[in-house]
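Participant: I have a structure here, written as structure tokens, and I will follow up with some questions on it.
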Amino acid sequence: MIVPQLSTETLVQRLRYPQGKIRVVIDTDTYNEIDDQFAVIYALQSPERMQVEAFYAAPFHNGLSDGPLDGMEKSLDELHRIMKVLGREGDVPIYRGSGMYLTGTNMPVESEAAHDLVERAMQAEDDDPLYVVAIGAITNVASAILLEPRIIEKIVVVWLGGHGLHWPDTREFNLFQDLKASRIVLNSGVPLVLIPCMGVASHLLTSLSEIRDYVKDKGPVGNYLYETYRRCHDNHFGYTRAIWDIATIGYLNHESMTQSALISSPALSDDFRWSVDPNRHLIRYVWNVRRDVIFQDLFRRLGEG
């Protein structure tokens with residue numbers, strides 16, 4: 001794969017906190033967990049900050065799916081369900097993503113999502129990049145880069161993937177599912193904002209009591225999110241759950257919601273461990289999320305909706 005090499009100056013400029021309203025697409029394994037639903041709705045309830053142009057259904061395989069194709073189709077259905085609950089059916093296009101993980105380092109998986117991302121990215125002006133919020137396996141995004149490497153000049157990827165660099169391993173679900181895709185994104189030089197799970201987004205804990213108090217009565221969407229949370233666990237006594245994916249939307253909504261730094265892109269080993277090489281290209285690494293500020297923003301926006 002021959003990829004354009006962005007200069008350090010260009011990377012630094014692209015990885016600055018974005019000003020004004022931004023164009024966004026969201027790549028999500030929406031049926032896999034309950035946090036994707038919160039993140040999708042959080043983004044849609046932030047119209048002054050982001051224009052959500054498309055949703056891409058990402059593959060996943062665990063106890064909730066028979067395989068990556070089934071996971072992708074279930075996520076597709078869940079995205080349509082969310083838009084129906086919001087009363088916004090047809091407002092934002094929803095595309096089928098990959099039904100499998102990458103089988104080779106130079107072999108994209110063609111899908112509606114990958115092709116739409118290429119087309120949408122290549123239409124972006126040089127001073128108005130497309131922000132790609134990825135909150136699942138990074139297969140669709142990696143495939144788009146393989147299909148048209150020039151998109152790295154047109155996009156900024158904000159990915160919830162892996163664990164903190166200080167963590168003993170990085171066997172996190174989004175990253176672990178597709179090692180080849182994860183490496184392609186990390187190695188490509190695409191402007192990347194990496195938000196780790198354990199050690200960073202893991203601070204975004206909430207409870208059924210809090211969701212009942214601040215979400216449940218916020219109209220149909222509040223009831224949908226409340227029931228989604230309530231069903232996620234059999235016993236909510238003393239129980240909290242991380243709503244990981246809202247870290248990506250919090251990062252984009254306001255600079256004060258996270259803390260980050262420019263670092264060299266970490267390399268990913270076969271046994272899912274990070275290593276750091278100071279000679280690699282820069283990425284933005286989010287090392288802290290302000291839990292209360294993000295949830296306050298989310299709850300406020302649900303009330304406004």
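Labels for the structure tokens follow display order: chains A, B, ..., residues from 1 in each chain, ligands from 1.
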Do you know which residues are at most 6 Å from range 270-281 of chain A counting only C-alpha atoms, after dropping those on the same chain fewer than 3 positions away, and could you put them as a PDB file with all heavy atoms, in the first residue's frame?

Facilitator:
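And here is the file that came out, selection_29.pdb:
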ATOM      1  N   ASP A 169      -1.492  -5.050  28.671  1.00  0.00           N
ATOM      2  CA  ASP A 169      -1.755  -5.518  27.305  1.00  0.00           C
ATOM      3  C   ASP A 169      -2.822  -4.616  26.703  1.00  0.00           C
ATOM      4  O   ASP A 169      -3.369  -3.750  27.380  1.00  0.00           O
ATOM      5  CB  ASP A 169      -2.214  -6.989  27.284  1.00  0.00           C
ATOM      6  CG  ASP A 169      -3.557  -7.190  27.973  1.00  0.00           C
ATOM      7  OD1 ASP A 169      -4.580  -6.684  27.463  1.00  0.00           O
ATOM      8  OD2 ASP A 169      -3.604  -7.854  29.032  1.00  0.00           O
ATOM      9  N   THR A 170      -3.098  -4.819  25.443  1.00  0.00           N
ATOM     10  CA  THR A 170      -4.126  -3.997  24.785  1.00  0.00           C
ATOM     11  C   THR A 170      -5.151  -4.892  24.090  1.00  0.00           C
ATOM     12  O   THR A 170      -5.580  -4.628  22.972  1.00  0.00           O
ATOM     13  CB  THR A 170      -3.483  -2.960  23.850  1.00  0.00           C
ATOM     14  OG1 THR A 170      -4.486  -2.026  23.426  1.00  0.00           O
ATOM     15  CG2 THR A 170      -2.804  -3.604  22.657  1.00  0.00           C
ATOM     16  N   ARG A 171      -5.556  -5.946  24.787  1.00  0.00           N
ATOM     17  CA  ARG A 171      -6.578  -6.865  24.269  1.00  0.00           C
ATOM     18  C   ARG A 171      -7.968  -6.295  24.495  1.00  0.00           C
ATOM     19  O   ARG A 171      -8.793  -6.872  25.209  1.00  0.00           O
ATOM     20  CB  ARG A 171      -6.443  -8.240  24.940  1.00  0.00           C
ATOM     21  CG  ARG A 171      -5.245  -9.037  24.491  1.00  0.00           C
ATOM     22  CD  ARG A 171      -5.170 -10.389  25.191  1.00  0.00           C
ATOM     23  NE  ARG A 171      -4.070 -11.183  24.676  1.00  0.00           N
ATOM     24  CZ  ARG A 171      -4.148 -11.996  23.634  1.00  0.00           C
ATOM     25  NH1 ARG A 171      -5.304 -12.155  23.010  1.00  0.00           N
ATOM     26  NH2 ARG A 171      -3.099 -12.675  23.219  1.00  0.00           N
ATOM     27  N   SER A 264       4.208   9.824  19.598  1.00  0.00           N
ATOM     28  CA  SER A 264       4.482   8.963  18.452  1.00  0.00           C
ATOM     29  C   SER A 264       3.485   7.813  18.445  1.00  0.00           C
ATOM     30  O   SER A 264       3.165   7.244  19.496  1.00  0.00           O
ATOM     31  CB  SER A 264       5.902   8.395  18.537  1.00  0.00           C
ATOM     32  OG  SER A 264       6.857   9.429  18.508  1.00  0.00           O
ATOM     33  N   SER A 265       2.978   7.477  17.281  1.00  0.00           N
ATOM     34  CA  SER A 265       2.002   6.396  17.171  1.00  0.00           C
ATOM     35  C   SER A 265       2.595   5.105  17.719  1.00  0.00           C
ATOM     36  O   SER A 265       3.672   4.679  17.302  1.00  0.00           O
ATOM     37  CB  SER A 265       1.602   6.191  15.705  1.00  0.00           C
ATOM     38  OG  SER A 265       0.693   5.104  15.596  1.00  0.00           O
ATOM     39  N   PRO A 266       1.922   4.450  18.660  1.00  0.00           N
ATOM     40  CA  PRO A 266       2.456   3.198  19.191  1.00  0.00           C
ATOM     41  C   PRO A 266       2.390   2.085  18.145  1.00  0.00           C
ATOM     42  O   PRO A 266       1.532   2.097  17.262  1.00  0.00           O
ATOM     43  CB  PRO A 266       1.549   2.896  20.381  1.00  0.00           C
ATOM     44  CG  PRO A 266       0.257   3.578  20.047  1.00  0.00           C
ATOM     45  CD  PRO A 266       0.634   4.813  19.281  1.00  0.00           C
ATOM     46  N   ALA A 267       3.292   1.139  18.252  1.00  0.00           N
ATOM     47  CA  ALA A 267       3.271  -0.045  17.398  1.00  0.00           C
ATOM     48  C   ALA A 267       2.557  -1.164  18.141  1.00  0.00           C
ATOM     49  O   ALA A 267       2.582  -1.224  19.378  1.00  0.00           O
ATOM     50  CB  ALA A 267       4.689  -0.458  17.031  1.00  0.00           C
TER      51      ALA A 267
END

Participant: Determine, counting only C-alpha atoms, which protein, DNA and RNA residues have an atom within 10 Å of an atom of Pro93 in chain A; residues of the same chain fewer than 2 positions away are not included. Present the result as number ranges by chain.

Facilitator: A: 25, 52-56, 80, 89-91, 95

Participant: Hey, what's within 12 Å of Leu186 in chain A if we count only C-alpha atoms and toss same-chain stuff fewer than 5 positions away? As a VMD selection string, please?

Facilitator: chain A and resid 138 141 to 142 145 152 157 to 159 161 to 162 175 179 to 181 191 to 194 264 to 269 274 to 276 280 to 285

Participant: Between A:Asp27, A:Asp292, A:Glu78, A:Asp128, single out the one closest to Ala144 in chain A, counting only C-alpha atoms.

Facilitator: A:Asp27

Participant: Just how far from CA of Thr30 in chain A is CA of Asp116 in chain A, in Å to one decimal?

Facilitator: 18.6 Å

Participant: Report, in Å with one decimal, the straight-line distance from CA of His163 in chain A to CA of Arg49 in chain A.

Facilitator: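 Value for the CA of His163 in chain A-CA of Arg49 in chain A distance: 27.5 Å.
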
Participant: Got a sec to tell me which of range 234-276 of chain A DSSP assigns to helix (DSSP H, G or I), as a list of chain:residue names?

Facilitator: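 Output for range 234-276 of chain A, helix (DSSP H, G or I) only: A:Ile246, A:Ala247, A:Thr248, A:Ile249, A:Gly250, A:Tyr251, A:Leu252, A:Asn253, A:Glu255, A:Ser256, A:Met257.
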
Participant: Write out the residues from the selection above, keeping N, CA and C atoms, as an mmCIF file, in the first residue's frame.

Facilitator:
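File written: part.cif
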data_model
loop_
_atom_site.group_PDB
_atom_site.id
_atom_site.type_symbol
_atom_site.label_atom_id
_atom_site.label_comp_id
_atom_site.auth_asym_id
_atom_site.auth_seq_id
_atom_site.Cartn_x
_atom_site.Cartn_y
_atom_site.Cartn_z
ATOM 1 N N ILE A 246 -18.993 7.317 24.614
ATOM 2 C CA ILE A 246 -19.297 8.748 24.642
ATOM 3 C C ILE A 246 -18.028 9.583 24.802
ATOM 4 N N ALA A 247 -16.897 8.932 25.110
ATOM 5 C CA ALA A 247 -15.632 9.674 25.188
ATOM 6 C C ALA A 247 -15.300 10.348 23.867
ATOM 7 N N THR A 248 -15.629 9.687 22.748
ATOM 8 C CA THR A 248 -15.308 10.247 21.435
ATOM 9 C C THR A 248 -16.116 11.504 21.165
ATOM 10 N N ILE A 249 -17.388 11.497 21.541
ATOM 11 C CA ILE A 249 -18.247 12.655 21.303
ATOM 12 C C ILE A 249 -17.886 13.769 22.279
ATOM 13 N N GLY A 250 -17.579 13.403 23.523
ATOM 14 C CA GLY A 250 -17.133 14.400 24.484
ATOM 15 C C GLY A 250 -15.876 15.103 24.006
ATOM 16 N N TYR A 251 -14.935 14.332 23.463
ATOM 17 C CA TYR A 251 -13.702 14.937 22.942
ATOM 18 C C TYR A 251 -14.022 15.985 21.887
ATOM 19 N N LEU A 252 -14.931 15.674 20.972
ATOM 20 C CA LEU A 252 -15.246 16.590 19.882
ATOM 21 C C LEU A 252 -16.135 17.751 20.322
ATOM 22 N N ASN A 253 -16.919 17.557 21.368
ATOM 23 C CA ASN A 253 -17.855 18.604 21.770
ATOM 24 C C ASN A 253 -17.170 19.794 22.436
ATOM 25 N N GLU A 255 -13.138 21.107 24.134
ATOM 26 C CA GLU A 255 -11.749 20.813 24.465
ATOM 27 C C GLU A 255 -11.556 20.528 25.945
ATOM 28 N N SER A 256 -12.404 21.100 26.796
ATOM 29 C CA SER A 256 -12.235 20.944 28.243
ATOM 30 C C SER A 256 -12.649 19.571 28.756
ATOM 31 N N MET A 257 -13.282 18.769 27.924
ATOM 32 C CA MET A 257 -13.817 17.490 28.397
ATOM 33 C C MET A 257 -12.776 16.385 28.476
#

Participant: Let me make sure I understand: among A:Arg290, A:Arg23, A:Arg241, A:Arg212, which one has the smallest atom-to-atom distance to Glu227 in chain A if we use only C-alpha atoms?

Facilitator: A:Arg212
